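Working notes, structure below.
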Amino acid sequence: MNILVTGGAGYIGAHTVVELQNAGHEVVVIDNLSNSSENMLRQVSKITGKKVTFHKVDIRDSQALDEIMKLYWFDCCVHFAGLKAVGESVMKPLAYYQNNVAGTLTLLEALSRHGCANLIFSSSATVYGQPKELPITEACPTGGITNPYGWTKCMIEQILMDLYRAEPAWNVALLRYFNPAGAHESGLIGERPRGIPTNLMPYIARVAAGRLPELQVFGNDYDTGDGTGVRDYIHVVDLALGHVKALRVMEQKGGLAVYNLGRGEGCSVLEMVHAFEQVNEVVVPYVIKARRPGDVAACYADPSKAERELGWKARLSIEDMCRSAWQWQKNQGKGSD
Ligand code: NAD
Ligand code: UD1
């Protein structure tokens with residue numbers, strides 16, 4: 001199939017481009033490079049041995065989208081483009097609503113104009129807010145979100161559900177990612193947070209590399225096994241493969257569907273620290289700090305719907321995530337700080 005990948009130069013997008021190309025799809029990437037560089041796509045080419053067609057385009061630029069869609073015919077759009085820093089979204093809510101929500105509307109209108117009505121959207125477990133049940137199924141209510149970033153995901157899901165109701169010719173897959181982590185086994189692509197990371201895995205990797213003095217563990221008084229926060233970490237390559245499966249099922253069955261993409265297993269902050277230390281034979285000094293505002297105690301998926309309907313199941317382990325994240329960290333030059 002011919003696939004338009006928005007945000008394809010980013011962390012999850014680049015890993016997905018690899019798997020789409022490996023599965024034989026033709027891919028065109030658009031990205032405004034606000035949080036990535038074209039080099040990521042050169043690395044993708046090294047992995048797949050195929051050229052990645054790239055255009056520097058902002059999804060809010062309707063005219064530029066028209067030009068791309070006149071140039072190529074797309075069977076489906078896999079939509080990753082968006083801003084994703086939770087803390088920044090609290091400081092700059094308008095920028096987040098403008099980029100993520102308005103950007104998606106502009107993209108959807110362009111796709112409509114050019115006859116492409118198939119979309120896979122990068123949603124997040126953040127839409128469940130304070131989860132009402134564990135493990136979280138897709139039927140769990142959404143809302144009660146504590147930051148504008150999370151609301152952009154919820155709003156875009158609503159827009160896509162309304163669009164599908166009004167125009168059933170659309171086919172939409174809402175993929176709710178749990179906590180993506182790790183990097184490609186080649187060591188060529190991975191996550192490149194700007195400045196000091198806010199997510200756990202890249203922070204641990206920087207501490208292990210001696211670039212940050214210690215990890216701050218946000219709270220050890222939660223109602224969890226060891227008192228630290230529990231999350232459902234999923235290897236980014238497994239996540240990427242989930243998109244390839246979703247694409248195939250969308251082509252066969254169509255309609256609107258929502259899937260949790262997680263491993264279905266909780267891992268605490270300290271379990272992750274110890275796994276990272278053990279697998280990579282490094283030391284990760286840490287201190288216990290107060291809880292981080294907005295954090296929930298535990299969040300993990302029931303991913304059985306994706307297994308049943310997509311034939312997808314995460315295969316890679318916490319150890320695989322730790323190993324590949326460390327490999328990627330070691331491959332980074334000083335520029336990654
Ligand atoms: P990323 O920042 O690495 O990738 C996003 C890409 O989108 C970047 O390359 C960026 O330059 C591009 N972009 C941003 N705004 C754009 C615009 N207006 N026009 C064109 N390109 C634009 O982030 P990621 O971790 O790869 O996340 C991809 C998607 O998955 C995002 O929508 C994110 O919200 C979602 N998601 C990520 C996580 C996570 O933990 N990484 C979890 C759940 C959902
Ligand atoms: C966060 C976002 C979520 C987003 C996801 C992926 C919040 C409230 N949620 O999820 O919307 O989709 O990132 O980008 O920000 N931790 C530490 N020390 C650290 C960093 C993290 O102890 O330096 C702990 C956290 O308290 C949490 C766990 O590690 O228990 C995971 O944190 P993180 O990687 O930031 O992901 P989430 O908070 O789950």
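Just remember, in the structure tokens the first chain shown is A, the second B, etc., residues are 1-based per chain, and ligands are 1-based in the order shown.
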
- Would you mind listing the residues within 9 Å of ligand 2, counting only C-alpha atoms and all ligand atoms, as a VMD selection string? chain A and resid 84 to 87 123 to 127 129 145 to 147 149 to 150 177 to 181 197 to 204 215 to 220 228 to 233 268 to 270 272 288 to 289 291 to 299

- Task: Taking the chain letters and numbering used in this document, name the residues of stretch 58-109 of chain A that DSSP puts in strand (DSSP E), as a ChimeraX atom specification.
- Result: /A:76-79

Keeping only C-alpha atoms, write the selected residues to a file as a PDB file, in the first residue's frame.
```
ATOM      1  CA  CYS A  76      -3.792   5.285   4.194  1.00  0.00           C
ATOM      2  CA  CYS A  77      -2.340   7.900   6.520  1.00  0.00           C
ATOM      3  CA  VAL A  78      -0.504   6.892   9.693  1.00  0.00           C
ATOM      4  CA  HIS A  79      -0.643  10.043  11.803  1.00  0.00           C
TER       5      HIS A  79
END
```

- Just the residues within 12 Å of A:Leu247, please, counting only C-alpha atoms, with nothing from its chain fewer than 5 positions along; format it as JSON, numbers by chain. {"A": [1, 2, 3, 16, 19, 20, 23, 25, 75, 76, 77, 78, 118, 119, 120, 121, 171, 172, 173, 174, 175, 240, 241, 242, 252, 253, 254, 255, 257, 309, 310, 311, 312]}

- Task: Please check which protein, DNA or RNA residues sit within 8 Å of ligand 1, counting only C-alpha atoms and all ligand atoms, and write them as number ranges by chain.
- Result: A: 6-14, 30-37, 56-60, 79-84, 99-100, 103, 121-126, 149, 153, 176-181, 191-193, 199

- Name the residues of stretch 205-275 of chain A that come out as helix (DSSP H, G or I) in a backbone DSSP run; write them as a list in words. Ala205, Arg206, Val207, Ala208, Val236, Val237, Asp238, Leu239, Ala240, Leu241, Gly242, His243, Val244, Lys245, Ala246, Leu247, Arg248, Val249, Met250, Glu251, Gln252, Lys253, Val269, Leu270, Glu271, Met272, Val273, His274 and Ala275 of chain A

- Message: Please list as a PyMOL selection string every residue within 7 Å of stretch 45-48 of chain A, counting only C-alpha atoms and excluding residues in the same chain fewer than 2 positions away.
- Response: chain A and resi 18+21-22+41-43+50-52

- Query: In Å to one decimal, how far is atom CA of A:Gly264 from atom CA of A:Trp328?
  - Reply: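 Value for the atom CA of A:Trp328-atom CA of A:Gly264 distance: 25.1 Å.
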
- What gap, in Å, lies between atom CA of A:Cys140 and atom CA of A:Leu256?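 Separating atom CA of A:Cys140 from atom CA of A:Leu256 is a distance of 16.9 Å.
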
- Message: If I take atom CA of A:Val279 and atom CA of A:Asn39, how far is one from the other in Å, to one decimal?
- Response: 29.0 Å

- Item | From A:Ala205, A:Ala301, A:Leu65, A:Met250, residue lying nearest A:Tyr128 [only C-alpha atoms] | A:Ala301
